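Enquirer: File name data-v9.cif; file contents mmCIF, C-alpha atoms; full text below.
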```
data_run
loop_
_atom_site.label_atom_id
_atom_site.label_comp_id
_atom_site.auth_asym_id
_atom_site.auth_seq_id
_atom_site.Cartn_x
_atom_site.Cartn_y
_atom_site.Cartn_z
CA MET K 1 -42.41 10.29 -81.45
CA PRO K 2 -45.55 8.48 -80.16
CA HIS K 3 -45.93 8.43 -76.38
CA ALA K 4 -48.54 6.90 -74.09
CA GLU K 5 -49.06 6.34 -70.41
CA ILE K 6 -49.25 2.60 -71.10
CA VAL K 7 -47.80 0.91 -74.18
CA ILE K 8 -49.13 -2.58 -74.93
CA VAL K 9 -46.97 -4.64 -77.24
CA GLY K 10 -49.11 -7.23 -79.03
CA GLY K 11 -52.66 -6.73 -80.29
CA GLY K 12 -54.13 -10.18 -79.87
CA VAL K 13 -57.15 -10.88 -77.69
CA ILE K 14 -55.10 -10.36 -74.53
CA GLY K 15 -53.59 -7.04 -75.62
CA LEU K 16 -56.84 -5.62 -77.02
CA SER K 17 -58.86 -6.74 -73.97
CA LEU K 18 -56.34 -5.11 -71.65
CA ALA K 19 -56.31 -1.92 -73.72
CA TRP K 20 -60.11 -1.69 -73.53
CA GLU K 21 -60.07 -2.25 -69.78
CA LEU K 22 -57.41 0.39 -69.23
CA ALA K 23 -59.06 2.95 -71.51
CA GLY K 24 -62.31 2.43 -69.62
CA GLN K 25 -60.48 3.63 -66.51
CA GLY K 26 -59.24 6.75 -68.27
CA ALA K 27 -55.71 5.56 -69.04
CA GLU K 28 -53.90 6.75 -72.16
CA VAL K 29 -53.10 3.56 -74.08
CA LEU K 30 -51.15 2.69 -77.22
CA VAL K 31 -51.25 -0.80 -78.78
CA LEU K 32 -48.41 -1.85 -81.04
CA ASP K 33 -48.58 -4.90 -83.33
CA LYS K 34 -46.30 -6.33 -86.00
CA GLN K 35 -49.26 -6.88 -88.35
CA GLN K 36 -53.02 -6.33 -88.20
CA VAL K 37 -54.23 -6.71 -84.63
CA GLY K 38 -55.87 -9.99 -83.69
CA ARG K 39 -54.48 -12.01 -86.61
CA GLU K 40 -52.35 -14.61 -84.81
CA ALA K 41 -53.41 -17.28 -82.27
CA SER K 42 -56.46 -15.27 -81.19
CA TRP K 43 -57.92 -15.38 -84.69
CA ALA K 44 -57.08 -19.04 -85.24
CA GLY K 45 -58.89 -20.52 -82.23
CA ALA K 46 -62.29 -22.19 -82.15
CA GLY K 47 -63.89 -19.90 -79.55
CA MET K 48 -64.74 -22.47 -76.88
CA LEU K 49 -65.52 -20.96 -73.47
CA PRO K 50 -65.56 -23.57 -70.69
CA PRO K 51 -67.58 -22.96 -67.53
CA GLY K 52 -66.16 -22.41 -64.07
CA ASN K 53 -67.04 -22.01 -60.41
CA LEU K 54 -64.94 -19.35 -58.72
CA ALA K 55 -66.13 -20.36 -55.25
CA GLN K 56 -64.71 -23.87 -55.59
CA ALA K 57 -61.93 -23.55 -58.18
CA LEU K 58 -58.69 -24.81 -56.68
CA SER K 59 -55.83 -24.10 -59.08
CA PRO K 60 -54.74 -20.59 -60.17
CA LEU K 61 -55.65 -21.33 -63.80
CA ASP K 62 -59.07 -22.69 -62.83
CA ARG K 63 -59.75 -19.53 -60.84
CA LEU K 64 -58.74 -17.34 -63.79
CA ARG K 65 -61.01 -19.37 -66.09
CA ALA K 66 -63.93 -19.22 -63.64
CA PHE K 67 -63.47 -15.47 -63.15
CA SER K 68 -63.48 -15.00 -66.92
CA ALA K 69 -66.57 -17.17 -67.38
CA GLU K 70 -68.46 -14.82 -65.07
CA LEU K 71 -67.30 -11.80 -67.09
CA TRP K 72 -68.09 -13.06 -70.61
CA PRO K 73 -71.84 -12.23 -70.69
CA HIS K 74 -71.22 -8.71 -69.36
CA TRP K 75 -68.34 -8.11 -71.78
CA THR K 76 -70.46 -9.30 -74.70
CA GLU K 77 -73.30 -6.97 -73.78
CA SER K 78 -70.98 -3.99 -73.22
CA LEU K 79 -69.13 -4.51 -76.50
CA LYS K 80 -72.36 -4.76 -78.47
CA GLU K 81 -73.78 -1.66 -76.80
CA LEU K 82 -70.62 0.33 -77.57
CA THR K 83 -69.87 -0.94 -81.09
CA GLY K 84 -73.05 -2.56 -82.41
CA ILE K 85 -71.05 -5.72 -83.15
CA ASP K 86 -72.44 -9.10 -82.10
CA ASN K 87 -69.48 -11.30 -81.13
CA GLY K 88 -71.50 -14.51 -81.42
CA TYR K 89 -71.41 -15.40 -77.74
CA VAL K 90 -73.90 -18.16 -76.96
CA MET K 91 -74.20 -20.67 -74.14
CA CYS K 92 -74.66 -23.73 -76.36
CA GLY K 93 -73.61 -26.40 -73.87
CA GLY K 94 -70.90 -28.98 -74.38
CA LEU K 95 -70.65 -32.75 -74.47
CA THR K 96 -67.43 -34.44 -73.38
CA VAL K 97 -67.45 -38.01 -74.69
CA SER K 98 -65.28 -41.09 -74.91
CA LEU K 99 -64.22 -42.46 -78.28
CA GLY K 100 -62.19 -45.64 -78.55
CA HIS K 101 -59.53 -45.74 -75.84
CA GLU K 102 -60.01 -42.07 -74.85
CA SER K 103 -62.08 -42.12 -71.66
CA CYS K 104 -63.65 -38.98 -70.23
CA ARG K 105 -63.96 -40.26 -66.64
CA GLU K 106 -60.95 -38.33 -65.34
CA LEU K 107 -62.23 -35.07 -66.82
CA GLN K 108 -65.64 -35.71 -65.30
CA THR K 109 -64.04 -36.07 -61.87
CA GLU K 110 -62.12 -32.80 -62.33
CA TRP K 111 -65.25 -30.84 -63.28
CA THR K 112 -67.22 -32.37 -60.41
CA SER K 113 -64.51 -31.45 -57.88
CA GLU K 114 -64.75 -27.84 -59.09
CA GLY K 115 -68.50 -27.76 -58.52
CA VAL K 116 -69.32 -27.05 -62.18
CA ALA K 117 -72.83 -27.98 -63.33
CA LEU K 118 -72.57 -31.39 -64.97
CA THR K 119 -74.92 -34.19 -66.02
CA GLU K 120 -73.65 -37.72 -66.60
CA LEU K 121 -75.38 -39.29 -69.60
CA THR K 122 -76.06 -42.85 -70.64
CA ALA K 123 -75.41 -43.95 -74.20
CA GLN K 124 -79.09 -43.53 -75.01
CA GLU K 125 -79.19 -40.05 -73.47
CA LEU K 126 -76.09 -39.00 -75.40
CA HIS K 127 -77.72 -39.97 -78.67
CA GLU K 128 -80.94 -38.24 -77.68
CA GLN K 129 -78.91 -35.06 -77.17
CA GLU K 130 -77.04 -35.52 -80.47
CA PRO K 131 -78.63 -38.10 -82.82
CA ALA K 132 -75.81 -37.68 -85.36
CA LEU K 133 -73.19 -39.11 -82.99
CA SER K 134 -71.49 -42.34 -83.98
CA PRO K 135 -72.67 -45.57 -82.30
CA GLU K 136 -69.07 -45.81 -81.02
CA VAL K 137 -69.90 -43.07 -78.50
CA THR K 138 -71.31 -44.76 -75.42
CA GLU K 139 -70.00 -42.64 -72.54
CA GLY K 140 -70.03 -38.94 -71.75
CA PHE K 141 -71.39 -36.01 -69.82
CA LEU K 142 -73.06 -32.65 -70.45
CA LEU K 143 -71.67 -29.27 -69.41
CA PRO K 144 -74.78 -27.08 -69.84
CA GLU K 145 -72.87 -23.84 -69.16
CA MET K 146 -70.25 -24.35 -71.88
CA ALA K 147 -70.34 -21.38 -74.26
CA GLN K 148 -68.75 -20.25 -77.49
CA VAL K 149 -67.83 -17.01 -79.23
CA ARG K 150 -66.89 -16.16 -82.82
CA ASN K 151 -63.22 -15.20 -82.58
CA PRO K 152 -63.00 -12.84 -85.58
CA ARG K 153 -66.18 -11.03 -84.56
CA HIS K 154 -65.02 -10.67 -80.96
CA LEU K 155 -61.65 -9.29 -82.06
CA HIS K 156 -63.38 -6.89 -84.45
CA ALA K 157 -65.58 -5.71 -81.58
CA LEU K 158 -62.58 -5.26 -79.28
CA LYS K 159 -60.65 -3.25 -81.86
CA SER K 160 -63.65 -1.04 -82.53
CA ALA K 161 -64.26 -0.54 -78.80
CA CYS K 162 -60.62 0.40 -78.25
CA VAL K 163 -60.72 3.00 -81.03
CA ARG K 164 -63.96 4.46 -79.64
CA GLN K 165 -62.32 4.71 -76.20
CA GLY K 166 -59.37 6.64 -77.60
CA VAL K 167 -56.77 3.86 -77.76
CA THR K 168 -54.04 4.46 -80.34
CA ILE K 169 -53.43 1.34 -82.45
CA LEU K 170 -50.26 1.10 -84.53
CA GLU K 171 -50.34 -1.86 -86.94
CA GLY K 172 -47.51 -3.22 -89.04
CA GLN K 173 -44.99 -2.00 -86.49
CA LEU K 174 -42.58 -4.69 -85.26
CA ALA K 175 -40.99 -3.88 -81.90
CA SER K 176 -37.43 -5.03 -82.51
CA GLU K 177 -35.43 -3.29 -79.79
CA VAL K 178 -36.11 -2.36 -76.19
CA GLU K 179 -34.18 0.66 -74.90
CA ARG K 180 -33.57 0.67 -71.17
CA SER K 181 -32.13 3.20 -68.77
CA GLY K 182 -31.31 1.83 -65.34
CA SER K 183 -34.26 -0.16 -64.03
CA LYS K 184 -36.78 1.25 -66.51
CA ILE K 185 -37.70 0.88 -70.16
CA ARG K 186 -37.38 4.21 -71.89
CA SER K 187 -38.62 3.31 -75.35
CA LEU K 188 -39.30 0.69 -77.97
CA ARG K 189 -37.82 0.88 -81.41
CA THR K 190 -39.52 -0.31 -84.57
CA PHE K 191 -38.02 -0.10 -88.05
CA GLU K 192 -39.84 3.20 -88.52
CA GLN K 193 -39.89 5.01 -85.21
CA LYS K 194 -39.30 5.16 -81.49
CA ILE K 195 -42.21 4.78 -79.05
CA THR K 196 -42.01 6.01 -75.48
CA GLY K 197 -44.23 5.32 -72.51
CA ASP K 198 -44.51 5.31 -68.73
CA ARG K 199 -45.34 1.60 -68.46
CA PHE K 200 -45.05 -1.26 -70.94
CA CYS K 201 -46.91 -4.56 -71.07
CA PHE K 202 -45.80 -7.40 -73.35
CA CYS K 203 -48.81 -9.38 -74.66
CA THR K 204 -46.83 -10.97 -77.44
CA GLY K 205 -47.72 -14.67 -77.12
CA ALA K 206 -45.15 -17.07 -78.51
CA TRP K 207 -42.91 -14.18 -79.57
CA THR K 208 -42.48 -12.84 -76.00
CA PRO K 209 -38.98 -14.22 -75.26
CA SER K 210 -37.40 -12.24 -78.12
CA LEU K 211 -38.27 -9.00 -76.32
CA THR K 212 -38.09 -9.85 -72.63
CA THR K 213 -34.60 -11.36 -72.93
CA GLN K 214 -33.41 -7.87 -73.84
CA LEU K 215 -34.52 -6.91 -70.34
CA GLY K 216 -32.64 -9.76 -68.70
CA CYS K 217 -35.74 -11.89 -68.14
CA HIS K 218 -36.32 -15.04 -70.16
CA ILE K 219 -40.02 -15.88 -70.33
CA PRO K 220 -40.17 -19.61 -71.22
CA VAL K 221 -42.92 -19.60 -73.82
CA ARG K 222 -42.77 -21.58 -77.07
CA PRO K 223 -45.11 -21.95 -80.07
CA ILE K 224 -47.32 -25.02 -80.48
CA ARG K 225 -48.95 -25.27 -83.88
CA GLY K 226 -52.65 -26.06 -84.03
CA GLN K 227 -54.41 -26.83 -87.31
CA ILE K 228 -58.17 -26.40 -87.72
CA VAL K 229 -60.70 -27.31 -90.42
CA LEU K 230 -63.85 -25.32 -91.15
CA LEU K 231 -66.69 -27.41 -92.60
CA ASN K 232 -69.90 -26.16 -94.16
CA THR K 233 -72.78 -28.55 -93.52
CA GLY K 234 -75.51 -26.30 -94.91
CA ALA K 235 -77.69 -26.86 -91.85
CA ALA K 236 -76.69 -27.58 -88.27
CA VAL K 237 -75.72 -31.24 -87.76
CA ILE K 238 -75.00 -30.96 -84.03
CA ARG K 239 -76.08 -28.43 -81.39
CA HIS K 240 -73.41 -28.80 -78.70
CA ILE K 241 -69.68 -28.41 -78.64
CA ILE K 242 -68.34 -31.97 -78.55
CA GLU K 243 -64.93 -32.72 -77.04
CA VAL K 244 -62.86 -35.89 -77.10
CA GLY K 245 -59.63 -35.29 -75.21
CA ASP K 246 -57.78 -32.45 -76.97
CA ARG K 247 -59.95 -32.63 -80.11
CA TYR K 248 -63.34 -31.06 -80.66
CA LEU K 249 -66.22 -30.11 -82.91
CA VAL K 250 -67.67 -26.61 -82.53
CA PRO K 251 -70.95 -25.98 -84.39
CA ARG K 252 -71.83 -22.47 -85.51
CA PRO K 253 -75.49 -21.42 -85.81
CA ASP K 254 -75.07 -20.78 -89.56
CA GLY K 255 -74.30 -24.43 -90.40
CA ARG K 256 -70.53 -24.16 -90.27
CA LEU K 257 -68.54 -26.41 -87.99
CA LEU K 258 -64.97 -26.21 -86.71
CA VAL K 259 -62.85 -29.33 -86.29
CA GLY K 260 -59.72 -29.03 -84.18
CA SER K 261 -57.04 -29.26 -83.37
CA THR K 262 -53.55 -30.62 -83.73
CA MET K 263 -50.75 -29.95 -81.24
CA GLU K 264 -47.39 -29.86 -82.99
CA GLU K 265 -43.89 -28.73 -82.01
CA THR K 266 -42.83 -27.11 -85.29
CA GLY K 267 -41.29 -23.86 -84.12
CA PHE K 268 -42.68 -20.80 -85.88
CA GLU K 269 -43.76 -22.74 -88.98
CA LYS K 270 -47.41 -21.79 -89.38
CA LYS K 271 -48.87 -23.90 -92.16
CA THR K 272 -51.41 -26.66 -92.69
CA THR K 273 -50.30 -30.15 -93.65
CA VAL K 274 -51.89 -33.16 -95.33
CA ASP K 275 -51.22 -35.26 -92.25
CA GLY K 276 -52.71 -32.73 -89.85
CA ILE K 277 -55.84 -31.94 -91.85
CA SER K 278 -56.55 -35.55 -92.85
CA GLY K 279 -56.26 -36.59 -89.20
CA LEU K 280 -58.84 -33.99 -88.18
CA LEU K 281 -61.21 -35.01 -90.98
CA ASP K 282 -60.91 -38.68 -89.99
CA PHE K 283 -61.69 -37.74 -86.39
CA ALA K 284 -64.73 -35.68 -87.41
CA GLN K 285 -66.18 -38.47 -89.58
CA ARG K 286 -65.58 -41.07 -86.89
CA LEU K 287 -67.36 -38.95 -84.28
CA VAL K 288 -70.20 -37.78 -86.57
CA PRO K 289 -70.34 -40.04 -89.66
CA SER K 290 -72.66 -37.75 -91.66
CA LEU K 291 -69.87 -35.16 -91.83
CA ALA K 292 -68.32 -37.24 -94.61
CA SER K 293 -70.47 -35.28 -97.07
CA ALA K 294 -69.70 -31.82 -95.63
CA GLU K 295 -67.85 -29.23 -97.68
CA VAL K 296 -64.33 -28.38 -96.55
CA GLU K 297 -64.59 -24.61 -96.66
CA GLN K 298 -61.26 -23.54 -95.17
CA THR K 299 -58.22 -24.75 -93.24
CA TRP K 300 -55.70 -22.78 -91.22
CA ALA K 301 -53.11 -22.99 -88.47
CA GLY K 302 -52.17 -20.90 -85.46
CA LEU K 303 -49.22 -20.78 -83.06
CA ARG K 304 -50.38 -21.09 -79.46
CA PRO K 305 -48.01 -19.86 -76.76
CA MET K 306 -47.21 -22.71 -74.36
CA SER K 307 -45.69 -21.76 -71.02
CA ALA K 308 -43.06 -24.00 -69.46
CA THR K 309 -44.80 -23.62 -66.10
CA GLY K 310 -48.28 -24.59 -67.29
CA LEU K 311 -49.55 -21.15 -66.28
CA PRO K 312 -49.61 -17.91 -68.26
CA PHE K 313 -47.13 -15.30 -67.09
CA LEU K 314 -49.03 -12.36 -65.60
CA GLY K 315 -47.20 -9.69 -63.67
CA PRO K 316 -44.20 -7.40 -63.43
CA LEU K 317 -40.93 -8.35 -65.06
CA PRO K 318 -38.19 -8.88 -62.48
CA GLU K 319 -35.63 -6.09 -62.14
CA CYS K 320 -37.54 -3.75 -64.43
CA ASP K 321 -39.72 -1.19 -62.67
CA ASN K 322 -42.13 -0.33 -65.48
CA ALA K 323 -42.39 -3.56 -67.50
CA PHE K 324 -45.13 -6.20 -67.28
CA VAL K 325 -46.06 -9.33 -69.16
CA ALA K 326 -49.30 -11.15 -69.99
CA ALA K 327 -48.39 -14.09 -72.20
CA GLY K 328 -48.23 -17.87 -72.37
CA HIS K 329 -51.94 -18.74 -72.18
CA PHE K 330 -51.56 -21.69 -74.60
CA ARG K 331 -55.09 -22.94 -75.42
CA SER K 332 -56.87 -20.71 -72.90
CA GLY K 333 -56.07 -17.23 -74.23
CA LEU K 334 -59.50 -16.38 -75.57
CA GLN K 335 -61.44 -18.00 -72.75
CA THR K 336 -59.40 -16.28 -70.01
CA SER K 337 -58.97 -12.95 -71.79
CA PRO K 338 -61.59 -10.99 -69.78
CA GLY K 339 -60.17 -12.12 -66.44
CA THR K 340 -56.62 -11.53 -67.61
CA ALA K 341 -57.51 -8.01 -68.76
CA VAL K 342 -59.16 -7.11 -65.46
CA VAL K 343 -56.34 -8.35 -63.20
CA MET K 344 -53.63 -6.84 -65.40
CA ARG K 345 -55.51 -3.52 -65.51
CA GLU K 346 -55.66 -3.61 -61.72
CA LEU K 347 -51.95 -4.37 -61.51
CA LEU K 348 -50.92 -1.66 -63.98
CA LEU K 349 -53.05 0.98 -62.28
CA GLY K 350 -52.03 0.06 -58.74
CA GLN K 351 -55.46 -1.32 -57.79
CA GLU K 352 -56.18 -4.33 -55.58
CA PRO K 353 -56.14 -7.45 -57.80
CA SER K 354 -59.34 -9.49 -57.99
CA LEU K 355 -57.26 -12.70 -57.93
CA ASP K 356 -54.00 -13.74 -56.32
CA LEU K 357 -51.49 -13.14 -59.10
CA VAL K 358 -48.36 -14.36 -57.33
CA PRO K 359 -48.54 -17.87 -58.89
CA PHE K 360 -48.51 -16.23 -62.34
CA PHE K 361 -45.59 -13.85 -61.71
CA PRO K 362 -42.54 -14.30 -63.95
CA ARG K 363 -39.38 -15.05 -62.02
CA THR K 364 -35.68 -15.01 -62.68
CA GLN K 365 -33.80 -18.31 -62.48
CA SER K 366 -32.54 -17.41 -59.02
CA GLN K 367 -36.12 -16.90 -57.86
CA GLY K 368 -37.35 -20.21 -59.28
CA SER K 369 -40.25 -20.76 -61.62
CA ALA K 370 -43.90 -19.96 -61.10
CA SER K 371 -45.92 -22.79 -59.63
#
```
Now that the file is in, can you turn its structure into structure tokens?
Expert:
Amino acid sequence: MPHAEIVIVGGGVIGLSLAWELAGQGAEVLVLDKQQVGREASWAGAGMLPPGNLAQALSPLDRLRAFSAELWPHWTESLKELTGIDNGYVMCGGLTVSLGHESCRELQTEWTSEGVALTELTAQELHEQEPALSPEVTEGFLLPEMAQVRNPRHLHALKSACVRQGVTILEGQLASEVERSGSKIRSLRTFEQKITGDRFCFCTGAWTPSLTTQLGCHIPVRPIRGQIVLLNTGAAVIRHIIEVGDRYLVPRPDGRLLVGSTMEETGFEKKTTVDGISGLLDFAQRLVPSLASAEVEQTWAGLRPMSATGLPFLGPLPECDNAFVAAGHFRSGLQTSPGTAVVMRELLLGQEPSLDLVPFFPRTQSQGSAS
């Protein structure tokens, strides 16, 4: 019967990052996943890493993002030193632009209020930055500290780092039943075995409610499908990440380019559709007309965990002394994974948290929702 000091359920970017953090502090950690680790929403994302300014960030989520932005370069260096794997982190800069009726003025005001480095650009300056942009683009701004990472490479590095640090990883093991005694979890049951631990942390994304409701705590997280297209342009067509509202282009140094993403309420139906993919291709061609001749190399979809509160749930589960949750990051899971891992490691090991976690705590209905 496997046993660990800390059992992490869910091996996405949040679960693996937390496992690495904990193992680095000498904790005995076991990660349990229903399939290969890192193959759900973490794998499907585009790897955009927005900047932040921790000194001026106002909202809890902005502070978590800013804290994570500070950690990313250090994490990248440490992972490469330990594993030899380059996760593709690069500070490529980002352009946020207007297209048609979608203005970027409100976003510009939000970034400015946070004190993030930003340069407003004229139409001419935008096209000097990215000559391939459509003439329709006449308004935008530059975020020079916007970065990106290659999701699959980063997850590969995290898994390798966890193994090297002594983390036990059990793949293809679906946690179907939580066994509780009094105010504590005693074990988790899979179809094959029972797993015991001293503390348990649920990093299970959109699937979190199916487990936490067994502990009397409903975590209001639901799946939102996002479809993405991978293009191969042969050589780089653009240099910056380009965002228009919720949609984006993310160029890779090797000439590939990601186009994303849809936001669809389809339950747990993870598939690509003609409507979704054609809409993304139309958007890409409208923004950068020369992409009409690019090769469509691959398409895929992921299920992002949207929280009903607008914040991820980070903290102890109510009325359960040894259970914690880190789930519901929606579109910010990858970008906030280092900060999430650090604060959850601190919480699990009884250390002083680097951020105020109270706004993220899950609550029972009688306690009200997180705000």
Enquirer: Just say which residues the PyMOL selection byres ((chain K and resi 221) around 9) picks in this file, as a VMD selection string.
Expert: chain K and resid 205 to 209 218 to 220 222 to 223 305 to 309 312 327 to 328 330
Enquirer: Any idea what's packed within 8 Å of stretch 232-237 of chain K, counting all atoms listed in the file, ignoring anything in its chain fewer than 4 positions away? Could you give it as a ChimeraX atom specification?
Expert: /K:132,251-257,291,293-297
Enquirer: At most 12 Å is the cut-off: for each residue in stretch 264-335 of chain K with any atom that close to an atom of stretch 48-52 of chain K, write down the nearest atom pair and the distance in Å rounded to one decimal, counting only C-alpha atoms, chain first then increasing number, as a tab-separated table.
Expert:
```
residue	atom	partner	partner_atom	distance
K:Arg331	CA	K:Met48	CA	9.8
K:Ser332	CA	K:Leu49	CA	8.7
K:Gly333	CA	K:Leu49	CA	10.2
K:Leu334	CA	K:Leu49	CA	7.9
K:Gln335	CA	K:Leu49	CA	5.1
```
Enquirer: Choose the residue, out of K:Gly166, K:Val149, K:Leu79, K:Leu142, that has the smallest atom-to-atom separation from K:Leu107; count all atoms listed in the file.
Expert: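 Ranking K:Gly166, K:Val149, K:Leu79, K:Leu142 by distance to K:Leu107, first place goes to K:Leu142.
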Enquirer: Set the distance at 12 Å and use only C-alpha atoms: which residues neighbour K:Gly26 once local chain neighbours fewer than 2 positions away are removed? I'd like the list as an MDAnalysis selection string.
Expert: chainID K and resid 5:6 19:24 28:29 162 165:167 345 349
Enquirer: May I have the residues from that selection written out with C-alpha atoms, as a PDB file, keeping the file's coordinate frame?
Expert:
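Contents of selection-v9.pdb, as written:
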```pdb
ATOM      1  CA  GLU K   5     -49.060   6.340 -70.410  1.00  0.00           C
ATOM      2  CA  ILE K   6     -49.250   2.600 -71.100  1.00  0.00           C
ATOM      3  CA  ALA K  19     -56.310  -1.920 -73.720  1.00  0.00           C
ATOM      4  CA  TRP K  20     -60.110  -1.690 -73.530  1.00  0.00           C
ATOM      5  CA  GLU K  21     -60.070  -2.250 -69.780  1.00  0.00           C
ATOM      6  CA  LEU K  22     -57.410   0.390 -69.230  1.00  0.00           C
ATOM      7  CA  ALA K  23     -59.060   2.950 -71.510  1.00  0.00           C
ATOM      8  CA  GLY K  24     -62.310   2.430 -69.620  1.00  0.00           C
ATOM      9  CA  GLU K  28     -53.900   6.750 -72.160  1.00  0.00           C
ATOM     10  CA  VAL K  29     -53.100   3.560 -74.080  1.00  0.00           C
ATOM     11  CA  CYS K 162     -60.620   0.400 -78.250  1.00  0.00           C
ATOM     12  CA  GLN K 165     -62.320   4.710 -76.200  1.00  0.00           C
ATOM     13  CA  GLY K 166     -59.370   6.640 -77.600  1.00  0.00           C
ATOM     14  CA  VAL K 167     -56.770   3.860 -77.760  1.00  0.00           C
ATOM     15  CA  ARG K 345     -55.510  -3.520 -65.510  1.00  0.00           C
ATOM     16  CA  LEU K 349     -53.050   0.980 -62.280  1.00  0.00           C
TER      17      LEU K 349
END
```
Enquirer: Please provide the set of residues having any atom within 8 Å of K:Leu258, restricted to all atoms listed in the file, with same-chain residues fewer than 3 positions apart removed, written as a PDB file with C-alpha atoms, keeping the file's coordinate frame.
Expert:
```pdb
ATOM      1  CA  ALA K  46     -62.290 -22.190 -82.150  1.00  0.00           C
ATOM      2  CA  ILE K 228     -58.170 -26.400 -87.720  1.00  0.00           C
ATOM      3  CA  VAL K 229     -60.700 -27.310 -90.420  1.00  0.00           C
ATOM      4  CA  LEU K 230     -63.850 -25.320 -91.150  1.00  0.00           C
ATOM      5  CA  LEU K 231     -66.690 -27.410 -92.600  1.00  0.00           C
ATOM      6  CA  TYR K 248     -63.340 -31.060 -80.660  1.00  0.00           C
ATOM      7  CA  LEU K 249     -66.220 -30.110 -82.910  1.00  0.00           C
ATOM      8  CA  VAL K 250     -67.670 -26.610 -82.530  1.00  0.00           C
ATOM      9  CA  PRO K 251     -70.950 -25.980 -84.390  1.00  0.00           C
ATOM     10  CA  ARG K 252     -71.830 -22.470 -85.510  1.00  0.00           C
TER      11      ARG K 252
END
```
Enquirer: Go through stretch 184-254 of chain K residue by residue and, counting only C-alpha atoms, keep those with an atom at most 12 Å from stretch 113-126 of chain K; for each kept residue give the shortest atom pair and its distance in Å to one decimal, ordered by chain and increasing number, as a Markdown table.
Expert:
```
| residue | atom | partner | partner_atom | distance |
| --- | --- | --- | --- | --- |
| K:Ile238 | CA | K:Leu126 | CA | 11.8 |
| K:His240 | CA | K:Leu126 | CA | 11.1 |
| K:Ile242 | CA | K:Leu126 | CA | 10.9 |
```
Enquirer: Enumerate, as a PyMOL selection string, the residues matched when the PyMOL selection byres ((chain K and resi 151) around 10) is run on the file above.
Expert: chain K and resi 13+38+42-48+87-89+148-150+152-157+334
Enquirer: Starting from the displayed file, determine the output of the PyMOL selection byres ((chain K and resi 59) around 12) and express the residue list as a PyMOL selection string.
Expert: chain K and resi 52-58+60-66+110+113-114+310-311+355-357+359-360+371
Enquirer: Excluding same-chain residues fewer than 3 positions from K:Gly276, what lies within 9 Å of it counting all atoms listed in the file, as JSON, numbers by chain?
Expert: {"K": [226, 227, 228, 261, 262, 272, 273, 279, 280, 281]}
Enquirer: Write a file of the selected residues as a CSV table (one decimal), keeping the file's coordinate frame, keeping C-alpha atoms.
Expert:
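Below is the file that was written, again.csv:
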```
chain,number,residue,atom,x,y,z
K,226,GLY,CA,-52.6,-26.1,-84.0
K,227,GLN,CA,-54.4,-26.8,-87.3
K,228,ILE,CA,-58.2,-26.4,-87.7
K,261,SER,CA,-57.0,-29.3,-83.4
K,262,THR,CA,-53.6,-30.6,-83.7
K,272,THR,CA,-51.4,-26.7,-92.7
K,273,THR,CA,-50.3,-30.2,-93.6
K,279,GLY,CA,-56.3,-36.6,-89.2
K,280,LEU,CA,-58.8,-34.0,-88.2
K,281,LEU,CA,-61.2,-35.0,-91.0
```
Enquirer: Can you tell me which residues surround K:Pro338 at a distance of at most 8 Å, considering all atoms listed in the file, apart from same-chain residues fewer than 6 positions away, and format the answer as number ranges by chain?
Expert: K: 17, 68, 71-72, 75
Enquirer: Under the rule that all atoms listed in the file are counted, which of K:Gly302, K:Gly93, K:Trp111, K:Val178 is the nearest residue to K:Leu211?
Expert: K:Val178
Enquirer: With distances taken over all atoms listed in the file, which residue among K:Pro318, K:Gly216, K:Gly245, K:Gly182 lies nearest K:Gln108?
Expert: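 Smallest separation from K:Gln108 among the options: K:Gly245.
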Enquirer: I need the residue nearest K:Gly315 from this list: K:Ser103, K:Gln173, K:Thr190, K:Thr340. Use all atoms listed in the file for the distance.
Expert: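 Smallest separation from K:Gly315 among the options: K:Thr340.
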Enquirer: Determine the nearest neighbour of K:Ser183 from the options K:Gly100, K:Leu215, K:Val90, K:Arg105, counting all atoms listed in the file.
Expert: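 That would be K:Leu215, the residue with the smallest distance to K:Ser183.
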